[in-house]
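K.L.:
Got a structure for you, written out below as structure tokens; questions coming shortly.
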Amino acid sequence: MPKLYIETVGCQMNVLDSELVVAALRKEGYELTSDSAAADTVIFNTCSVREHAEEKIYSALGRLKNAKQQNPDKVIGVIGCMAQNHQRTVFERAPYVDLVVGPGQLHQVPELIRKVQTTGDQQLEVSLGRKEGSRTEIARSHESFDPLRDPTMRPTPFQAYVRIQIGCDKFCTYCIVPSVRGPEQSRHPEDILAEARQLAGEGCKEITLLGQTVNSYKYNEGEQTTRFSDLIYSLHDVDGIDRIKFVTNYPKDMTDDLLEAVRDLPKCSKYLHVPAQSGSDAQLKAMRRGYTVGEYREMLARTYEMIPRVAVTSDFIVGFSGETDEDFQMSMDLVRESRFKNSFIFKYSERPGTKGAQHLPDDVPDAVKRARNNEMLQLQNEISEADNQRFLGEAVQVLVEGPSKAAAKKEAELGAVPLQTQLTGRTMCDRIVVFDGNRRQIGETIDIAIYDANAHTLFGTVVTQHVQPELVTLG
Ligand code: SAH
Ligand code: SF4
Ligand code: F3S
């Protein structure tokens, strides 16, 4: 049996894409290996969102050069966003790469590997650029992949990603995603429902809906429009699915009908990732985010008012073009007052081909970017820790995912799989909880009493005696 090694970087879209590629290759008889040296085919599923993500892949490719010289039959593939972004440049920088395949052509991977094996020629398949045709032509060239799925590639057997939208039309000036993922296209609601039902049939309990701006989802058919909130209501009726999450939300599309759905539907996770990016109007304008800080604050106030104990998380970019100390302090103010459960903070990385790279100088020195990044991270960590401390002495409901990272490492070293082990899971609001339990609890939703907390994790014990349901919070 041919052996496949696959490495995935980037966002959840890529995790899902890798699941689909593995499913297609398993159908062809491949089996997975975690050893790239022993693999017949090595695939990197790549990300272009920051330069660092790209450079990491080129370094990994560099390390494969010798292996390829020793075994010329080894097939090396670069797929995903960097494949679409760099195209032939990948072959120029790493001439021993055999195939370069964009996110819109992933269904062709098995066939392209066969072509490499029969002809020995390099294969390149990518979508059209955003100016290389009509909108329909470009959209079609990015059309995604049949949902052939492979449960073994999922985070756990009872959790799965479901793509409801591909591409993005927001064109934030710093961002490469609209170029590499193409025009925004929403999937037919019936296809999404069919996939959710199939997943439920396979034992999946939690689905996470994916879209770059997931809450901009809209599907028009004749007179009828399906909004994102309508879709969530339909998915809520799928038997077997207990939890529905979704990422990533665009602040301007956080409408009341959506917030009401999140509030009213018990299966809907009370966790909203709504990136602000900056707390300065000048920066938001330069980024072309399409809202002011005032509008973001209004959206956040509405969210906190409508959904009690909702957990909101955000992304911030520091050191974007022209960011002054005052701009940065405005972002700090927004972090301080917003009480985000967590924020992902990134140093601006100029991406060739974006409006930002063309028109806005990357003029904040790296040392300043780094200092701002650390300062914001420290503030957010203090807030996250204080937020988690609120749970001390409370019981929370946890969907148990599996052994904790530490337990998994220890089990791998010992080569043993004990029944009693340290487990990890998540609350309805996406908080990570670690506790000692029994493997049989994996996949179940159980109550955990919290006795300790840091910025990223709650620690607890399984509640064995009966607890009055009103004392258990959603966490
Ligand atoms: N579609 C999502 C995010 C996609 S990229 C959204 O719109 O929120 C994930 C995060 O990476 C972004 O939210 C942004 O904070 C960050 N990011 C995107 N481009 C970047 C760049 N050029 N430099 C640094 N961070 C970037
Ligand atoms: Fe990038 Fe902006 Fe689209 Fe998000 S909304 S993917 S940040 S262009
Ligand atoms: Fe990266 Fe592509 Fe996702 S650029 S963040 S993997 S959509």
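Ligands are numbered from 1 in the order shown, chains are lettered A, B, ... in the order of the structure tokens, and residues start at 1 in each chain.
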Neighbouring residues of stretch 173-188 of chain A were defined as those with any atom within 8 Å, considering only C-alpha atoms; residues of the same chain fewer than 5 positions away were excluded. Please report them as a ChimeraX atom specification.
P.N.:
/A:48-49,81-82,84-85,102-104,129-130,135,138-139,142,163-168,217-219,286-288,348-351,353-357
K.L.:
Keeping only C-alpha atoms, write those residues as a PDB file, in the first residue's frame.
P.N.:
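Listing of result20.pdb after writing:
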```
ATOM      1  CA  SER A  48      -0.249  32.410   2.714  1.00  0.00           C
ATOM      2  CA  VAL A  49      -1.815  34.686   5.297  1.00  0.00           C
ATOM      3  CA  CYS A  81      -3.326  28.718  -0.466  1.00  0.00           C
ATOM      4  CA  MET A  82       0.419  29.080  -1.082  1.00  0.00           C
ATOM      5  CA  GLN A  84      -2.483  29.232  -5.516  1.00  0.00           C
ATOM      6  CA  ASN A  85      -0.455  32.267  -4.455  1.00  0.00           C
ATOM      7  CA  GLY A 102      -4.694  25.304  -5.454  1.00  0.00           C
ATOM      8  CA  PRO A 103      -7.619  24.976  -3.013  1.00  0.00           C
ATOM      9  CA  GLY A 104     -10.115  24.895  -5.907  1.00  0.00           C
ATOM     10  CA  GLY A 129      -6.706  35.172 -10.517  1.00  0.00           C
ATOM     11  CA  ARG A 130      -9.246  37.807  -9.413  1.00  0.00           C
ATOM     12  CA  ARG A 135     -16.898  36.760 -11.951  1.00  0.00           C
ATOM     13  CA  ILE A 138     -13.417  32.973 -11.632  1.00  0.00           C
ATOM     14  CA  ALA A 139     -15.989  31.654  -9.149  1.00  0.00           C
ATOM     15  CA  HIS A 142     -12.511  28.099  -7.333  1.00  0.00           C
ATOM     16  CA  ARG A 163     -17.956  24.328   4.923  1.00  0.00           C
ATOM     17  CA  ILE A 164     -20.908  26.591   4.222  1.00  0.00           C
ATOM     18  CA  GLN A 165     -19.134  29.270   2.231  1.00  0.00           C
ATOM     19  CA  ILE A 166     -15.946  29.550   0.217  1.00  0.00           C
ATOM     20  CA  GLY A 167     -13.908  32.604  -0.738  1.00  0.00           C
ATOM     21  CA  CYS A 168     -14.169  36.207   0.394  1.00  0.00           C
ATOM     22  CA  TYR A 217     -23.805  33.536   4.416  1.00  0.00           C
ATOM     23  CA  LYS A 218     -26.778  34.068   2.147  1.00  0.00           C
ATOM     24  CA  TYR A 219     -28.316  31.754  -0.439  1.00  0.00           C
ATOM     25  CA  ALA A 286      -6.669  51.998   5.930  1.00  0.00           C
ATOM     26  CA  MET A 287      -7.514  48.320   6.365  1.00  0.00           C
ATOM     27  CA  ARG A 288     -10.878  48.894   4.583  1.00  0.00           C
ATOM     28  CA  TYR A 348       1.384  42.890  10.248  1.00  0.00           C
ATOM     29  CA  SER A 349       3.033  40.948   7.446  1.00  0.00           C
ATOM     30  CA  GLU A 350       2.955  42.635   4.055  1.00  0.00           C
ATOM     31  CA  ARG A 351       1.492  40.338   1.408  1.00  0.00           C
ATOM     32  CA  GLY A 353      -0.440  41.455  -4.462  1.00  0.00           C
ATOM     33  CA  THR A 354      -2.709  43.028  -1.831  1.00  0.00           C
ATOM     34  CA  LYS A 355      -3.858  46.659  -1.923  1.00  0.00           C
ATOM     35  CA  GLY A 356      -1.865  47.207   1.241  1.00  0.00           C
ATOM     36  CA  ALA A 357       1.383  46.104  -0.401  1.00  0.00           C
TER      37      ALA A 357
END
```
K.L.:
Mind the document's chain letters and residue numbers, and return as a PyMOL selection string the residues of stretch 102-264 of chain A that DSSP labels helix (DSSP H, G or I).
P.N.:
chain A and resi 103-119+135-141+151-153+177-181+189-201+214-216+228-236+251-253+256-264
K.L.:
May I ask which of the residues A:Asp315, A:Glu54, A:Glu305, A:Asp169 is the closest one to ligand 2, counting only C-alpha atoms and all ligand atoms?
P.N.:
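Smallest distance to ligand 2 is found for A:Asp169.
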K.L.:
At a cut-off of 12 Å, using only C-alpha atoms, what residues contact A:Ala39? Leave out same-chain residues fewer than 4 positions from it and give the result as a VMD selection string.
P.N.:
chain A and resid 1 to 6 30 to 35 43 64 67 to 68 71 73 to 76
K.L.:
Only C-alpha atoms, please: the residues just picked out, written as a short mmCIF file (atom, residue, chain, number, x, y, z; two decimals), in the first residue's frame.
P.N.:
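Done, and the output landed in out_21.cif:
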```
data_model
loop_
_atom_site.label_atom_id
_atom_site.label_comp_id
_atom_site.auth_asym_id
_atom_site.auth_seq_id
_atom_site.Cartn_x
_atom_site.Cartn_y
_atom_site.Cartn_z
CA MET A 1 0.00 0.00 0.00
CA PRO A 2 1.42 3.44 -0.87
CA LYS A 3 2.07 5.60 2.16
CA LEU A 4 0.93 9.21 2.47
CA TYR A 5 2.38 11.87 4.75
CA ILE A 6 0.40 15.11 4.99
CA TYR A 30 -3.16 5.00 0.33
CA GLU A 31 -2.53 4.66 4.03
CA LEU A 32 -1.38 7.47 6.31
CA THR A 33 2.04 7.61 7.93
CA SER A 34 3.45 10.10 10.42
CA ASP A 35 6.97 9.54 9.03
CA ILE A 43 1.89 16.67 0.80
CA LEU A 64 13.14 16.95 1.74
CA ALA A 67 15.17 12.33 0.41
CA LYS A 68 14.00 13.08 -3.10
CA ASN A 71 14.29 8.21 -3.90
CA ASP A 73 9.90 8.15 -7.08
CA LYS A 74 8.83 9.99 -3.95
CA VAL A 75 6.05 12.40 -4.96
CA ILE A 76 6.16 15.82 -3.29
#
```
K.L.:
I'd like the neighbourhood of A:Asp325 as JSON, numbers by chain, where a residue qualifies if any of its atoms comes within 10 Å (using only C-alpha atoms), though same-chain residues fewer than 4 positions away should be ignored.
P.N.:
{"A": [319, 329, 330, 331, 368, 372]}
K.L.:
Take the residues just selected and output them with N, CA and C atoms as a short mmCIF file (atom, residue, chain, number, x, y, z; two decimals), in the first residue's frame.
P.N.:
```
data_model
loop_
_atom_site.label_atom_id
_atom_site.label_comp_id
_atom_site.auth_asym_id
_atom_site.auth_seq_id
_atom_site.Cartn_x
_atom_site.Cartn_y
_atom_site.Cartn_z
N GLY A 319 0.91 47.00 14.16
CA GLY A 319 1.97 47.43 13.25
C GLY A 319 1.56 47.46 11.80
N GLN A 329 -2.63 52.49 21.16
CA GLN A 329 -3.28 52.63 22.47
C GLN A 329 -4.80 52.52 22.34
N MET A 330 -5.34 52.97 21.21
CA MET A 330 -6.79 52.82 20.99
C MET A 330 -7.16 51.34 20.88
N SER A 331 -6.30 50.56 20.25
CA SER A 331 -6.56 49.10 20.18
C SER A 331 -6.48 48.51 21.59
N VAL A 368 9.13 47.42 16.89
CA VAL A 368 7.92 48.08 17.43
C VAL A 368 6.73 47.12 17.33
N ARG A 372 4.61 45.86 20.56
CA ARG A 372 3.15 46.05 20.65
C ARG A 372 2.45 44.70 20.79
#
```
K.L.:
Looking only at the backbone, which of the residues in stretch 222-433 of chain A does DSSP tag as strand (DSSP E or B), as number ranges by chain?
P.N.:
A: 224-227, 243-247, 268, 271-273, 277, 311-318, 342-347, 395-403, 420-426, 432-433
K.L.:
Between atom CA of A:Glu92 and atom CA of A:Tyr58, what distance in Å does the model show, to one decimal?
P.N.:
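So the answer is 11.3 Å.
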K.L.:
A:Gln224, A:Ser18, A:Gln212, A:Gln70: which is nearest ligand 2, counting only C-alpha atoms and all ligand atoms?
P.N.:
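Closest to ligand 2, using only C-alpha atoms and all ligand atoms: A:Gln212.
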K.L.:
Between A:Ala407, A:Leu300, A:Val214, A:Ile383, which one has atoms that come closest to ligand 2, using only C-alpha atoms and all ligand atoms?
P.N.:
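So, comparing all the options, the nearest one is A:Val214.
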K.L.:
When you draw a straight line from atom 10 (C, counted along the ligand's line) of ligand 1 to atom CA of A:Pro266, how long is it in Å?
P.N.:
28.6 Å
K.L.:
Which residues are close to stretch 107-121 of chain A, i.e. within 8 Å by only C-alpha atoms, leaving aside same-chain residues fewer than 6 positions away? Reply as a count of residues only.
P.N.:
11
K.L.:
Applying 9 Å and only C-alpha atoms, which residues near stretch 255-258 of chain A remain after dropping the ones on its own chain fewer than 6 positions away? List them as a list in words.
P.N.:
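Counting only the stated atoms, we get Asn215, Arg227, Phe228, Ser229, Asp230, Ile232, Met299, Arg302, Thr303 and Met306 of chain A.
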K.L.:
What does the distance from atom CA of A:Pro308 to atom CA of A:Gly425 come to in Å, to one decimal?
P.N.:
22.1 Å
K.L.:
Excluding A:Arg197 and residues on its chain fewer than 4 positions from it, collect all residues at most 8 Å away from it, counting only C-alpha atoms, and give them as a list of chain:residue names.
P.N.:
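Once the adjacent positions are removed, what remains is A:Leu193, A:Gly201, A:Val238, A:Asp239.
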K.L.:
Keeping N, CA, C and O atoms, export the residues of the selection given above as an mmCIF file, in the first residue's frame.
P.N.:
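Written file, part.cif:
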```cif
data_model
loop_
_atom_site.group_PDB
_atom_site.id
_atom_site.type_symbol
_atom_site.label_atom_id
_atom_site.label_comp_id
_atom_site.auth_asym_id
_atom_site.auth_seq_id
_atom_site.Cartn_x
_atom_site.Cartn_y
_atom_site.Cartn_z
ATOM 1 N N LEU A 193 -27.290 20.757 4.851
ATOM 2 C CA LEU A 193 -28.116 19.919 5.732
ATOM 3 C C LEU A 193 -27.844 18.436 5.499
ATOM 4 O O LEU A 193 -27.737 17.657 6.458
ATOM 5 N N GLY A 201 -25.224 10.770 11.355
ATOM 6 C CA GLY A 201 -25.362 9.316 11.171
ATOM 7 C C GLY A 201 -24.069 8.589 11.485
ATOM 8 O O GLY A 201 -24.073 7.437 11.899
ATOM 9 N N VAL A 238 -31.421 18.861 13.176
ATOM 10 C CA VAL A 238 -30.797 17.581 12.796
ATOM 11 C C VAL A 238 -30.556 16.746 14.057
ATOM 12 O O VAL A 238 -29.802 17.143 14.949
ATOM 13 N N ASP A 239 -31.240 15.590 14.117
ATOM 14 C CA ASP A 239 -31.094 14.710 15.286
ATOM 15 C C ASP A 239 -29.669 14.201 15.384
ATOM 16 O O ASP A 239 -29.068 13.835 14.380
#
```
